[in-house]
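The structure appears right after this line, and notes come after that.
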Amino acid sequence: MRYPPTSTALSTSLSAVNTHPVSDVPLGASLVQSSAVRAPKPTAVVLDLFGTLVAAPSAVERSAAAAQFADVLDVSSAVAESALSASWRARHDGQLRSTAEVAAHLVARCNAPASSADELERLLAQLARDRLQADATLLRALEELRHGGVRLAVLSDASPDIADAWSRSDLAPHFDAAVFSCRVDAMKPAPELFGAVLDALDVVPERVLYCGDGGGDELAGAERAGMHAVRVERRGGPHGLAFGETAWPGRAIPAVEALPSLLSTWRER
């Protein structure tokens with residue numbers, strides 16, 4: 001679950017996925033090479049999670065979750081939402097190591113009865129499972145990439161409830177590696193996070209394409225790590241929340257579903 005203390009909405013649409021051919025989509029600056037020095041075709045793709053593989057949560061969804069937390073903790077929705085916002089960094093940078101620790105932390109912040117921690121832990125786990133549900137079109141695209149011999153990894157600023165739920169999601173079987181900020185004790189664009197995913201894939205950065213919606217300054221961070229980077233339009237539409245987004249001088253593809261076509265025509269770049 002991703003509840004940043006501040007947010008930026010990006011008004012994009014996924015309607016172009018089926019109508020905007022990859023050949024017409026200009027690629028990021030990192031992918032534009034001279035004819036003398038051509039980028040080698042990537043053998044691995046690293047993907048962001050929220051806003052890229054699954055929809056970024058909206059303000060409405062955030063408020064609805066806070067209301068559920070409030071019911072469990074017997075506090076007001078305002079208190080619950082304040083606790084979520086104030087604990088965002090602790091939930092994502094490794095200070096909290098499990099869903100149980102997240103629940104206990106939120107209980108303490110809300111001055112709620114300790115006896116409510118178990119129920120809150122169950123709610124956190126259920127919401128995490130719901131957040132990781134993926135579109136069938138995306139799962140088919142991941143399968144196509146895998147059949148083409150591409151290694152896949154997910155790299156996400158994520159809390160322990162998401163990390164704990166990952167292995168039971170429909171997404172997990174499609175990935176060779178998953179790296180979450182709460183497990184590495186670092187958040188995007190920290191070099192340690194990108195180094196961890198490269199180590200997990202055992203691939204040199206020059207053969208890796210990073211794909212994300214741009215939150216957490218991830219695209220520039222990937223380039224600094226030696227990867228190629230391309231922005232994907234934010235999944236979930238214009239109401240999705242983002243944290244730490246910066247301007248991206250490169251170009252974008254419409255959605256993850258466009259990646260197989262992008263890689264199949266890489267030799268033409």
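Chain labels follow the order of the structure tokens: the first chain is A, the next B, and so on; residue numbering restarts at 1 in every chain, and ligands are counted from 1 in their shown order.
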Exercise: Leu198 of chain A partners within 10 Å, only C-alpha atoms, chain neighbours under 4 positions left out, as a ChimeraX atom specification: /A:44,46,153,177,179,192-194,202-205,208,225,227
Expected file: the selected residues, N, CA, C and O atoms, as a PDB file, in the first residue's frame:
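Final output, saved to again_9.pdb:
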```pdb
ATOM      1  N   ALA A  44      16.911  -7.964 -19.726  1.00  0.00           N
ATOM      2  CA  ALA A  44      16.121  -7.925 -18.500  1.00  0.00           C
ATOM      3  C   ALA A  44      15.340  -6.617 -18.443  1.00  0.00           C
ATOM      4  O   ALA A  44      15.781  -5.594 -18.961  1.00  0.00           O
ATOM      5  N   VAL A  46      13.238  -4.243 -15.543  1.00  0.00           N
ATOM      6  CA  VAL A  46      12.864  -3.965 -14.156  1.00  0.00           C
ATOM      7  C   VAL A  46      11.651  -3.052 -14.183  1.00  0.00           C
ATOM      8  O   VAL A  46      11.660  -2.018 -14.862  1.00  0.00           O
ATOM      9  N   ALA A 153      12.074  -8.282 -13.188  1.00  0.00           N
ATOM     10  CA  ALA A 153      12.133  -7.995 -11.752  1.00  0.00           C
ATOM     11  C   ALA A 153      11.206  -6.837 -11.451  1.00  0.00           C
ATOM     12  O   ALA A 153      10.974  -5.962 -12.297  1.00  0.00           O
ATOM     13  N   ALA A 177      12.723 -11.879  -9.851  1.00  0.00           N
ATOM     14  CA  ALA A 177      13.181 -11.251  -8.608  1.00  0.00           C
ATOM     15  C   ALA A 177      12.207 -10.152  -8.214  1.00  0.00           C
ATOM     16  O   ALA A 177      11.533  -9.559  -9.067  1.00  0.00           O
ATOM     17  N   VAL A 179      12.267  -6.809  -5.444  1.00  0.00           N
ATOM     18  CA  VAL A 179      13.034  -6.023  -4.479  1.00  0.00           C
ATOM     19  C   VAL A 179      12.128  -4.919  -3.947  1.00  0.00           C
ATOM     20  O   VAL A 179      11.606  -4.106  -4.726  1.00  0.00           O
ATOM     21  N   GLU A 192      21.370   2.066  -3.553  1.00  0.00           N
ATOM     22  CA  GLU A 192      21.319   0.719  -2.984  1.00  0.00           C
ATOM     23  C   GLU A 192      20.149  -0.089  -3.520  1.00  0.00           C
ATOM     24  O   GLU A 192      20.239  -1.312  -3.693  1.00  0.00           O
ATOM     25  N   LEU A 193      19.033   0.593  -3.764  1.00  0.00           N
ATOM     26  CA  LEU A 193      17.844  -0.106  -4.241  1.00  0.00           C
ATOM     27  C   LEU A 193      18.058  -0.635  -5.660  1.00  0.00           C
ATOM     28  O   LEU A 193      17.735  -1.787  -5.964  1.00  0.00           O
ATOM     29  N   PHE A 194      18.628   0.200  -6.521  1.00  0.00           N
ATOM     30  CA  PHE A 194      18.890  -0.241  -7.892  1.00  0.00           C
ATOM     31  C   PHE A 194      20.011  -1.276  -7.925  1.00  0.00           C
ATOM     32  O   PHE A 194      19.975  -2.213  -8.731  1.00  0.00           O
ATOM     33  N   ASP A 202      21.373 -10.553 -11.586  1.00  0.00           N
ATOM     34  CA  ASP A 202      22.698 -10.948 -12.068  1.00  0.00           C
ATOM     35  C   ASP A 202      22.862 -10.568 -13.539  1.00  0.00           C
ATOM     36  O   ASP A 202      23.264 -11.384 -14.372  1.00  0.00           O
ATOM     37  N   VAL A 203      22.519  -9.309 -13.845  1.00  0.00           N
ATOM     38  CA  VAL A 203      22.622  -8.785 -15.204  1.00  0.00           C
ATOM     39  C   VAL A 203      23.364  -7.456 -15.139  1.00  0.00           C
ATOM     40  O   VAL A 203      23.168  -6.682 -14.210  1.00  0.00           O
ATOM     41  N   VAL A 204      24.215  -7.195 -16.127  1.00  0.00           N
ATOM     42  CA  VAL A 204      24.911  -5.909 -16.153  1.00  0.00           C
ATOM     43  C   VAL A 204      23.895  -4.814 -16.464  1.00  0.00           C
ATOM     44  O   VAL A 204      22.943  -5.034 -17.232  1.00  0.00           O
ATOM     45  N   PRO A 205      24.039  -3.626 -15.893  1.00  0.00           N
ATOM     46  CA  PRO A 205      23.020  -2.587 -16.063  1.00  0.00           C
ATOM     47  C   PRO A 205      22.785  -2.174 -17.507  1.00  0.00           C
ATOM     48  O   PRO A 205      21.664  -1.791 -17.862  1.00  0.00           O
ATOM     49  N   VAL A 208      19.791  -3.769 -19.129  1.00  0.00           N
ATOM     50  CA  VAL A 208      18.538  -3.689 -18.378  1.00  0.00           C
ATOM     51  C   VAL A 208      17.736  -2.465 -18.809  1.00  0.00           C
ATOM     52  O   VAL A 208      18.274  -1.369 -18.947  1.00  0.00           O
ATOM     53  N   ALA A 225      22.178   4.421 -12.339  1.00  0.00           N
ATOM     54  CA  ALA A 225      22.670   3.069 -12.066  1.00  0.00           C
ATOM     55  C   ALA A 225      23.175   2.384 -13.330  1.00  0.00           C
ATOM     56  O   ALA A 225      23.655   1.245 -13.263  1.00  0.00           O
ATOM     57  N   MET A 227      21.279   1.810 -16.167  1.00  0.00           N
ATOM     58  CA  MET A 227      20.224   1.180 -16.946  1.00  0.00           C
ATOM     59  C   MET A 227      19.680   2.148 -18.000  1.00  0.00           C
ATOM     60  O   MET A 227      19.871   3.354 -17.910  1.00  0.00           O
TER      61      MET A 227
END
```
Using 10 Å as the limit and counting only C-alpha atoms, can you tabulate each residue of segment 123-156 of chain A that touches segment 60-65 of chain A, with its shortest atom-to-atom distance in Å and the two atoms involved, as JSON lines?
```
{"residue": "A:Leu123", "atom": "CA", "partner": "A:Ala65", "partner_atom": "CA", "distance": 9.3}
{"residue": "A:Leu124", "atom": "CA", "partner": "A:Ala65", "partner_atom": "CA", "distance": 9.3}
{"residue": "A:Leu127", "atom": "CA", "partner": "A:Ala65", "partner_atom": "CA", "distance": 8.0}
```
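In this comparison, which uses only C-alpha atoms, the residue of A:Glu144, A:Glu119, A:Asp164, A:Glu206 approaching Phe180 of chain A most closely is A:Asp164.
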Straight-line distance linking atom CA of Val256 of chain A with atom CA of Ser159 of chain A, stated in Å to one decimal: 22.8 Å
Shortest interatomic distance to Pro113 of chain A - which of A:Asp93, A:Asp135, A:Asp74, A:Asp170, counting only C-alpha atoms: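 Between A:Asp93, A:Asp135, A:Asp74, A:Asp170, the residue approaching Pro113 of chain A most closely is A:Asp74.
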